[in-house]
Amino acid sequence: MNTSSPRIATGQFDSAQFRQALSQFATGVTVITTRLSDGSFRGLTASSFNTVSLCPPLVLWSLGSNAKSLPIFSGNSHYVVNVLGAQQAHLAHLFSRRTPDPFQQVEYELSRTGHPILKGVAAWFECHNRSRYPEGDHVIFVGEVEQCASTPQAPLIFHNGQFGCLQTS
């Protein structure tokens, strides 16, 4: 029995149209942090974060295949996903730029494995770098959560190319 469905011809829309349509999906905002072998830290802003499984506890995020930090995150055994709160857009901006050492400008504490957890985040997940899957122009990272914590607060969201917060009535 053939259960596959026919594919439509590609080229029905361009990448700008695809990006615009995707921008209408509001996402949370994270900063992924890790520690290098020399003891220094790296971090980057990512809005591609999601739950994969509750048992075992798995999350995913993705990073562009051409990102300079790809070898760092691919090679490290652990990283921390920091979920930003509504008042932390400055952190999203800071870690989205090529700032020489953004960790000099932020408060953080170290996880049990020595990776930075940003102070005041809504939640954090310390993950073992379980697997990576190249797909299209990104690499999907699947992390097995070894430790996590949360401080309930309004989330920072990314929608239509801008950071914002939820409007509550």
# chains A, B, ... in the order shown; residues from 1 in each chain; ligands from 1
>>> residues_around(residues="segment 143-145 of chain A", least_positions_apart="5", cutoff="12 Å", atoms="only C-alpha atoms", output="number ranges by chain")
A: 32, 49-62, 73-74, 76-81, 124-133
>>> residues_around(residues="segment 157-160 of chain A", least_positions_apart="5", cutoff="6 Å", atoms="only C-alpha atoms", output="ChimeraX atom specification")
/A:23-24,26-29,165
>>> closest_residue(among="A:Phe13, A:Gly114, A:Thr99, A:Arg19", to="Leu36 of chain A", atoms="only C-alpha atoms")
A:Gly114
>>> closest_residue(among="A:Gly164, A:Pro102, A:Gly120, A:Pro134", to="Ala149 of chain A", atoms="only C-alpha atoms")
A:Gly120
>>> closest_residue(among="A:Leu84, A:Val106, A:Ala92, A:Val139", to="Val121 of chain A", atoms="only C-alpha atoms")
A:Leu84
>>> select_by_dssp(residues="segment 39-143 of chain A", states="strand (DSSP E or B)", output="ChimeraX atom specification")
/A:41-46,49-53,58-64,78-83,85,108-110,116-118,123-135,138-143
>>> atom_distance(atom1="atom CA of Ser48 of chain A", atom2="atom CA of Gln153 of chain A")
19.9 Å
>>> select_by_dssp(residues="chain A", states="alpha helix (DSSP H)", output="NGL selection string")
:A and (15-22 or 70-75 or 89-96)
>>> residues_around(residues="Arg98 of chain A", least_positions_apart="4", cutoff="12 Å", atoms="only C-alpha atoms", output="list of chain:residue names")
A:Arg42, A:Gly43, A:Leu44, A:Thr45, A:Ala67, A:Lys68, A:Ser69, A:His93, A:Leu94, A:Pro102
>>> atom_distance(atom1="atom CA of Leu156 of chain A", atom2="atom CA of Gly64 of chain A")
21.8 Å
>>> decode(residues="segment 128-154 of chain A", atoms="N, CA, C and O atoms", output="mmCIF file, in the first residue's frame")
data_model
loop_
_atom_site.group_PDB
_atom_site.id
_atom_site.type_symbol
_atom_site.label_atom_id
_atom_site.label_comp_id
_atom_site.auth_asym_id
_atom_site.auth_seq_id
_atom_site.Cartn_x
_atom_site.Cartn_y
_atom_site.Cartn_z
ATOM 1 N N HIS A 128 22.094 17.994 27.714
ATOM 2 C CA HIS A 128 23.156 17.207 27.092
ATOM 3 C C HIS A 128 22.913 17.290 25.592
ATOM 4 O O HIS A 128 21.783 17.144 25.119
ATOM 5 N N ASN A 129 23.952 17.552 24.833
ATOM 6 C CA ASN A 129 23.867 17.713 23.379
ATOM 7 C C ASN A 129 23.663 16.330 22.756
ATOM 8 O O ASN A 129 24.591 15.698 22.281
ATOM 9 N N ARG A 130 22.432 15.862 22.752
ATOM 10 C CA ARG A 130 22.103 14.481 22.397
ATOM 11 C C ARG A 130 22.293 14.159 20.913
ATOM 12 O O ARG A 130 22.879 13.152 20.561
ATOM 13 N N SER A 131 21.760 15.009 20.037
ATOM 14 C CA SER A 131 21.874 14.721 18.598
ATOM 15 C C SER A 131 21.694 15.983 17.776
ATOM 16 O O SER A 131 21.171 16.988 18.258
ATOM 17 N N ARG A 132 22.146 15.895 16.525
ATOM 18 C CA ARG A 132 22.059 16.997 15.586
ATOM 19 C C ARG A 132 21.622 16.447 14.238
ATOM 20 O O ARG A 132 22.072 15.378 13.831
ATOM 21 N N TYR A 133 20.756 17.193 13.566
ATOM 22 C CA TYR A 133 20.230 16.766 12.270
ATOM 23 C C TYR A 133 20.323 17.905 11.267
ATOM 24 O O TYR A 133 19.609 18.899 11.413
ATOM 25 N N PRO A 134 21.179 17.785 10.252
ATOM 26 C CA PRO A 134 21.198 18.821 9.207
ATOM 27 C C PRO A 134 19.914 18.724 8.374
ATOM 28 O O PRO A 134 19.548 17.639 7.915
ATOM 29 N N GLU A 135 19.209 19.828 8.238
ATOM 30 C CA GLU A 135 17.992 19.894 7.426
ATOM 31 C C GLU A 135 17.961 21.254 6.730
ATOM 32 O O GLU A 135 17.978 22.291 7.398
ATOM 33 N N GLY A 136 17.907 21.243 5.412
ATOM 34 C CA GLY A 136 17.866 22.495 4.663
ATOM 35 C C GLY A 136 19.078 23.348 4.986
ATOM 36 O O GLY A 136 20.213 22.858 4.981
ATOM 37 N N ASP A 137 18.846 24.604 5.328
ATOM 38 C CA ASP A 137 19.956 25.515 5.629
ATOM 39 C C ASP A 137 20.201 25.675 7.127
ATOM 40 O O ASP A 137 20.823 26.634 7.557
ATOM 41 N N HIS A 138 19.711 24.723 7.935
ATOM 42 C CA HIS A 138 19.904 24.752 9.382
ATOM 43 C C HIS A 138 20.328 23.381 9.908
ATOM 44 O O HIS A 138 20.201 22.379 9.210
ATOM 45 N N VAL A 139 20.794 23.377 11.152
ATOM 46 C CA VAL A 139 21.055 22.140 11.884
ATOM 47 C C VAL A 139 20.117 22.153 13.085
ATOM 48 O O VAL A 139 20.047 23.141 13.817
ATOM 49 N N ILE A 140 19.372 21.074 13.247
ATOM 50 C CA ILE A 140 18.453 20.930 14.372
ATOM 51 C C ILE A 140 19.202 20.234 15.506
ATOM 52 O O ILE A 140 19.749 19.146 15.320
ATOM 53 N N PHE A 141 19.238 20.870 16.663
ATOM 54 C CA PHE A 141 19.882 20.313 17.856
ATOM 55 C C PHE A 141 18.797 19.735 18.756
ATOM 56 O O PHE A 141 17.816 20.414 19.064
ATOM 57 N N VAL A 142 18.974 18.502 19.191
ATOM 58 C CA VAL A 142 18.074 17.898 20.166
ATOM 59 C C VAL A 142 18.867 17.754 21.459
ATOM 60 O O VAL A 142 19.939 17.133 21.477
ATOM 61 N N GLY A 143 18.339 18.353 22.515
ATOM 62 C CA GLY A 143 18.996 18.294 23.813
ATOM 63 C C GLY A 143 18.189 17.497 24.810
ATOM 64 O O GLY A 143 16.962 17.623 24.873
ATOM 65 N N GLU A 144 18.885 16.649 25.566
ATOM 66 C CA GLU A 144 18.231 15.927 26.649
ATOM 67 C C GLU A 144 18.379 16.757 27.915
ATOM 68 O O GLU A 144 19.497 17.033 28.365
ATOM 69 N N VAL A 145 17.265 17.175 28.475
ATOM 70 C CA VAL A 145 17.273 18.066 29.631
ATOM 71 C C VAL A 145 17.716 17.283 30.860
ATOM 72 O O VAL A 145 17.126 16.264 31.212
ATOM 73 N N GLU A 146 18.776 17.784 31.498
ATOM 74 C CA GLU A 146 19.291 17.157 32.716
ATOM 75 C C GLU A 146 18.883 17.920 33.962
ATOM 76 O O GLU A 146 18.851 17.353 35.052
ATOM 77 N N GLN A 147 18.602 19.213 33.792
ATOM 78 C CA GLN A 147 18.191 20.060 34.904
ATOM 79 C C GLN A 147 17.410 21.224 34.325
ATOM 80 O O GLN A 147 17.689 21.671 33.206
ATOM 81 N N CYS A 148 16.427 21.729 35.072
ATOM 82 C CA CYS A 148 15.684 22.900 34.614
ATOM 83 C C CYS A 148 15.070 23.606 35.809
ATOM 84 O O CYS A 148 14.966 23.043 36.899
ATOM 85 N N ALA A 149 14.668 24.858 35.581
ATOM 86 C CA ALA A 149 13.984 25.636 36.606
ATOM 87 C C ALA A 149 13.201 26.730 35.906
ATOM 88 O O ALA A 149 13.494 27.072 34.748
ATOM 89 N N SER A 150 12.214 27.282 36.609
ATOM 90 C CA SER A 150 11.435 28.362 36.021
ATOM 91 C C SER A 150 11.002 29.364 37.077
ATOM 92 O O SER A 150 10.892 29.033 38.259
ATOM 93 N N THR A 151 10.780 30.580 36.619
ATOM 94 C CA THR A 151 10.225 31.661 37.416
ATOM 95 C C THR A 151 9.095 32.249 36.581
ATOM 96 O O THR A 151 9.358 33.009 35.643
ATOM 97 N N PRO A 152 7.847 31.864 36.856
ATOM 98 C CA PRO A 152 6.745 32.305 36.011
ATOM 99 C C PRO A 152 6.707 33.830 35.842
ATOM 100 O O PRO A 152 6.791 34.577 36.815
ATOM 101 N N GLN A 153 6.629 34.249 34.596
ATOM 102 C CA GLN A 153 6.567 35.660 34.238
ATOM 103 C C GLN A 153 6.099 35.767 32.796
ATOM 104 O O GLN A 153 6.058 34.773 32.079
ATOM 105 N N ALA A 154 5.745 36.959 32.379
ATOM 106 C CA ALA A 154 5.316 37.183 30.997
ATOM 107 C C ALA A 154 6.497 36.898 30.069
ATOM 108 O O ALA A 154 7.635 37.259 30.371
#
